[in-house]
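S.K.: File coords.txt below, compact mmCIF, C-alpha atoms:
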# COMPACT_ATOMS: atom_id res chain seq x y z
CA MET M 1 3.62 1.70 12.67
CA VAL M 2 3.53 -1.89 11.46
CA LEU M 3 4.75 -3.19 8.12
CA LYS M 4 3.52 -6.73 7.44
CA TYR M 5 4.11 -9.22 4.63
CA ARG M 6 1.72 -12.18 4.31
CA SER M 7 2.01 -15.30 2.21
CA PRO M 8 0.57 -18.82 2.18
CA ASP M 9 4.20 -19.94 1.84
CA ARG M 10 6.16 -19.99 5.11
CA TYR M 11 9.55 -19.54 3.46
CA ILE M 12 8.56 -16.68 1.15
CA ALA M 13 7.11 -14.76 4.11
CA GLY M 14 10.10 -15.56 6.29
CA LEU M 15 12.67 -14.41 3.75
CA GLN M 16 11.24 -10.90 3.37
CA ASN M 17 13.52 -8.20 4.75
CA MET M 18 11.30 -6.49 7.32
CA MET M 19 14.08 -4.66 9.16
CA GLY M 20 12.99 -1.43 10.85
CA SER M 21 15.12 1.70 11.21
CA GLN M 22 14.30 2.38 14.88
CA SER M 23 16.18 0.77 17.78
CA GLN M 24 12.82 -0.11 19.38
CA ALA M 25 11.61 -1.96 16.26
CA GLU M 26 10.11 -5.38 17.03
CA THR M 27 10.08 -8.01 14.29
CA LYS M 28 8.03 -11.18 14.46
CA PHE M 29 7.15 -14.13 12.29
CA GLU M 30 3.87 -15.92 12.89
CA GLU M 31 1.39 -18.36 11.47
CA ASP M 32 -2.12 -16.92 11.21
CA ILE M 33 -4.91 -19.47 11.01
CA GLY M 34 -8.28 -18.30 9.74
CA VAL M 35 -11.69 -19.90 9.41
CA PRO M 36 -12.21 -22.76 8.71
CA PHE M 37 -8.52 -23.71 9.01
CA ILE M 38 -6.61 -21.69 6.45
CA THR M 39 -2.97 -20.88 7.16
CA LYS M 40 -1.13 -17.71 6.21
CA TYR M 41 2.29 -16.71 7.42
CA SER M 42 3.16 -13.16 8.32
CA HIS M 43 6.46 -11.45 8.90
CA SER M 44 6.12 -7.99 10.39
CA THR M 45 7.97 -5.22 12.13
CA LYS M 46 6.39 -2.73 14.50
CA GLN M 47 8.18 0.46 15.42
CA PRO M 48 7.18 3.74 17.04
CA LEU M 49 6.62 6.90 15.02
CA GLY M 50 7.06 10.39 16.36
CA SER M 51 3.96 12.58 16.35
CA ASP M 52 5.71 14.83 13.82
CA THR M 53 6.48 11.98 11.38
CA GLU M 54 5.04 12.68 7.95
CA LEU M 55 4.38 9.84 5.55
CA LYS M 56 3.83 11.34 2.11
CA THR M 57 5.87 9.19 -0.28
CA LEU M 58 7.15 5.64 -0.62
CA GLY M 59 10.57 7.11 0.16
CA ASP M 60 9.30 7.99 3.65
CA ILE M 61 8.27 4.35 4.16
CA VAL M 62 11.58 3.01 2.81
CA ARG M 63 13.47 5.23 5.29
CA LEU M 64 11.51 3.53 8.09
CA TYR M 65 11.95 0.04 6.60
CA PRO M 66 15.31 -0.04 4.75
CA GLY M 67 14.77 -3.63 3.58
CA LEU M 68 12.20 -2.28 1.12
CA LYS M 69 15.05 -0.76 -0.93
CA GLU M 70 15.39 -4.21 -2.53
CA SER M 71 11.93 -3.72 -4.09
CA HIS M 72 13.10 -0.73 -6.19
CA PHE M 73 9.96 1.34 -5.58
CA ASP M 74 9.59 4.80 -7.09
CA LEU M 75 10.57 6.69 -3.92
CA ASP M 76 8.77 9.84 -5.11
CA GLU M 77 5.42 8.09 -5.53
CA SER M 78 2.87 9.57 -3.17
CA ILE M 79 0.97 7.44 -0.67
CA ASN M 80 -2.59 7.85 0.57
CA LEU M 81 -4.78 6.39 3.29
CA VAL M 82 -6.58 3.33 1.97
CA SER M 83 -10.30 4.18 1.67
CA GLY M 84 -9.53 7.43 3.51
CA LEU M 85 -9.67 5.55 6.82
CA MET M 86 -7.85 6.34 10.02
CA ILE M 87 -8.69 3.35 12.24
CA THR M 88 -8.60 3.51 16.03
CA GLU M 89 -7.56 0.11 17.39
CA LYS M 90 -8.05 -1.04 20.97
CA LEU M 91 -6.46 -4.24 22.26
CA TYR M 92 -7.51 -6.13 25.36
CA LYS M 93 -5.10 -8.79 26.60
CA GLY M 94 -4.69 -10.95 29.67
CA ALA M 95 -7.06 -13.92 29.42
CA LYS M 96 -5.34 -17.31 29.18
CA VAL M 97 -6.32 -20.88 28.37
CA ASP M 98 -4.61 -24.04 29.62
CA LEU M 99 -3.39 -26.09 26.66
CA GLY M 100 -1.35 -28.53 28.74
CA LYS M 101 2.30 -27.59 29.19
CA LYS M 102 1.67 -24.27 27.44
CA ASN M 103 -0.85 -21.50 28.00
CA GLY M 104 -2.64 -19.85 25.13
CA LYS M 105 -3.01 -16.08 25.43
CA PHE M 106 -6.10 -14.30 24.13
CA THR M 107 -6.29 -10.86 22.55
CA LEU M 108 -9.55 -9.06 21.78
CA THR M 109 -9.05 -6.47 19.03
CA LEU M 110 -11.66 -3.79 18.37
CA TRP M 111 -11.50 -1.40 15.41
CA TYR M 112 -13.35 1.91 15.37
CA ILE M 113 -13.83 4.29 12.42
CA SER M 114 -13.11 7.29 14.66
CA PRO M 115 -11.61 7.82 18.13
CA ASP M 116 -14.97 8.95 19.57
CA SER M 117 -17.02 6.08 18.10
CA THR M 118 -18.64 3.71 20.60
CA SER M 119 -19.48 0.89 18.17
CA PRO M 120 -16.62 -1.13 16.69
CA VAL M 121 -16.71 -1.96 12.98
CA ILE M 122 -14.57 -5.04 13.61
CA ALA M 123 -14.20 -7.28 16.64
CA GLU M 124 -11.61 -10.06 16.49
CA ILE M 125 -10.61 -12.60 19.10
CA SER M 126 -7.34 -14.45 18.70
CA PHE M 127 -5.17 -16.69 20.77
CA LYS M 128 -1.56 -17.67 20.45
CA TYR M 129 0.93 -19.93 22.10
CA GLY M 130 4.58 -20.36 21.36
CA ASP M 131 7.89 -22.00 22.08
CA ALA M 132 11.19 -20.66 20.73
CA ASP M 133 12.30 -24.23 19.95
CA GLU M 134 8.88 -25.31 18.61
CA ASN M 135 8.90 -28.09 21.21
CA TYR M 136 5.16 -28.81 21.40
CA SER M 137 3.54 -31.90 22.82
CA LYS M 138 0.75 -33.67 20.96
CA LYS M 139 -1.57 -32.68 23.81
CA VAL M 140 -0.83 -28.96 23.42
CA VAL M 141 -1.32 -28.82 19.64
CA THR M 142 -4.43 -31.02 19.79
CA ARG M 143 -6.00 -28.82 22.47
CA ALA M 144 -5.15 -25.66 20.52
CA LYS M 145 -6.78 -27.04 17.38
CA ARG M 146 -9.83 -28.18 19.34
CA LEU M 147 -10.17 -24.75 20.96
CA PHE M 148 -9.99 -23.08 17.54
CA GLU M 149 -12.66 -25.41 16.15
CA MET M 150 -14.90 -24.86 19.19
CA MET M 151 -14.58 -21.09 18.85
CA GLN M 152 -15.70 -21.38 15.21
CA GLY M 153 -18.79 -23.26 16.38
CA MET M 154 -19.98 -20.35 18.53
CA SER M 155 -22.56 -19.31 15.93
CA ASP M 156 -23.90 -16.39 17.97
CA TRP M 157 -20.42 -14.88 18.14
CA VAL M 158 -18.72 -15.85 14.88
CA ALA M 159 -19.58 -14.22 11.56
CA LYS M 160 -19.30 -16.97 8.96
CA THR M 161 -18.91 -14.41 6.17
CA SER M 162 -16.33 -12.22 7.90
CA SER M 163 -13.24 -10.92 6.16
CA THR M 164 -9.78 -9.98 7.31
CA LYS M 165 -9.09 -6.53 8.71
CA THR M 166 -7.07 -5.73 5.60
CA ALA M 167 -9.96 -6.77 3.31
CA PHE M 168 -12.31 -4.59 5.36
CA VAL M 169 -10.13 -1.52 4.82
CA PHE M 170 -9.77 -2.10 1.08
CA GLY M 171 -13.51 -2.78 0.71
CA TYR M 172 -14.71 0.09 2.88
CA SER M 173 -16.74 2.89 1.37
CA GLN M 174 -18.08 5.91 3.22
CA PRO M 175 -21.80 5.60 4.02
CA LEU M 176 -24.02 8.05 2.17
CA PHE M 177 -25.52 10.82 4.29
CA CYS M 178 -29.01 9.30 4.15
CA ASP M 179 -27.69 5.81 4.98
CA SER M 180 -26.32 7.00 8.30
CA TYR M 181 -29.80 7.69 9.76
Represent the structure of the file as structure tokens.
M.R.:
Amino acid sequence: MVLKYRSPDRYIAGLQNMMGSQSQAETKFEEDIGVPFITKYSHSTKQPLGSDTELKTLGDIVRLYPGLKESHFDLDESINLVSGLMITEKLYKGAKVDLGKKNGKFTLTLWYISPDSTSPVIAEISFKYGDADENYSKKVVTRAKRLFEMMQGMSDWVAKTSSTKTAFVFGYSQPLFCDSY
């Protein structure tokens, strides 16, 4: 399970308490750049859930992410799947690009409405590069920006009117029976 906080402000995103309750919890802070060149910062924590974990109330979520206690949610409030969706996500990693002294790493993300679906509803390609000390050369950052701009220019592959995965989920509505044929 992943809990993510996004903000256009780096410091607001970074100061959110995203601590997980599991020892295997992984927290990360990243800059997400969308088309045409819009920056959002995200602070997230991913942690495993047991197959018997039930998520019925906000209290169940706060037990997984104790930092949410600061938000003073009504712990008895029930939670529901957004748009009734249970997305199956498949990630394909491994491809790299030479940016100079750093390599960019690509991830292809495919989202399916059901586990047995063969057509994804969302396909997203992303690349990232990093340095713990943020010690980037001008060559590396210039190449990364150029790659991003070139990827946007691939008109046969890039949907100019696409939305984020989150916006897709909140905007999704079940197709009518007759619309599915």
S.K.: From the options M:Gly59, M:Met18, M:Lys28, M:Val2, which residue's atoms come nearest to Ala132 (chain M), counting only C-alpha atoms?
M.R.: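 Among M:Gly59, M:Met18, M:Lys28, M:Val2, it is M:Lys28 that comes nearest to Ala132 (chain M).
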S.K.: Would you list the contacts of region 167-174 of chain M as a count of residues only, taking every protein, DNA or RNA residue within 12 Å and counting only C-alpha atoms, but skipping same-chain residues closer than 5 positions in sequence?
M.R.: 17
S.K.: Go through M:Lys56, M:Phe148, M:Lys46, M:Lys93 one by one, measure the shortest atom-to-atom distance of each to Ile79 (chain M) using only C-alpha atoms, and give the residue with the smallest value.
M.R.: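 Answer, going by the shortest atom-to-atom distance: M:Lys56.
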S.K.: May I ask which of the residues M:Glu124, M:Thr166, M:Gly104, M:Thr39 is the closest one to Lys4 (chain M), counting all atoms listed in the file?
M.R.: M:Thr166
S.K.: With only C-alpha atoms as the counted atoms, please give the residues lying no more than 12 Å from Asn103 (chain M), apart from itself and same-chain residues fewer than 6 positions off, as a ChimeraX atom specification.
M.R.: /M:94-97,127-131,136,139-141,143-144
S.K.: State, in Å with one decimal place, the distance from CA of Pro66 (chain M) to CA of Leu3 (chain M).
M.R.: 11.5 Å
S.K.: Identify the residues around (-12.2, -21.9, 8.9) within a radius of 10 Å, measuring from all atoms listed in the file in the coordinates stated by the file, and give them as a PyMOL selection string.
M.R.: chain M and resi 33-39+148-149+152+160
S.K.: At what distance in Å, to one decimal, does CA of Met151 (chain M) lie from CA of Glu89 (chain M)?
M.R.: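 Separation between CA of Glu89 (chain M) and CA of Met151 (chain M): 22.4 Å.
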S.K.: For a quick check of understanding, using all atoms listed in the file, which of M:Leu55, M:Leu108, M:Val62, M:Ser126 has the smallest distance to Glu31 (chain M)?
M.R.: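 Nearest to Glu31 (chain M): M:Ser126.
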S.K.: Please measure the separation of CA of Gly100 (chain M) and CA of Ser137 (chain M), giving the value in Å to one decimal.
M.R.: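 Computed distance, CA of Gly100 (chain M) to CA of Ser137 (chain M), equals 8.4 Å.
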S.K.: Quick one: residues within 9 Å of Arg6 (chain M), all atoms listed in the file counted, chain neighbours fewer than 6 positions away excluded, as a list in words?
M.R.: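 Using all atoms listed in the file, the neighbours found are Ile12, Ala13, Lys40, Tyr41, Ser42, His43 and Ser44 of chain M.
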S.K.: Between M:Thr88, M:Ser114, M:Thr57, M:Gln22, which is the closest to Phe73 (chain M) once you count all atoms listed in the file?
M.R.: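 Closest residue, counting all atoms listed in the file: M:Thr57.
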S.K.: Using only C-alpha atoms, pick whichever of M:Asn17, M:Thr27, M:Ser7, M:Thr142 has the shortest atom-to-atom distance to Leu99 (chain M).
M.R.: M:Thr142
S.K.: Please determine an axis-aligned box that encloses all atoms of region 19-22 of chain M listed in the file, with 6 Å added on each side, and express its centre and edge lengths in Å to one decimal as JSON.
M.R.:
{"center_x": 14.1, "center_y": -1.1, "center_z": 12.0, "size_x": 14.1, "size_y": 19.0, "size_z": 17.7}
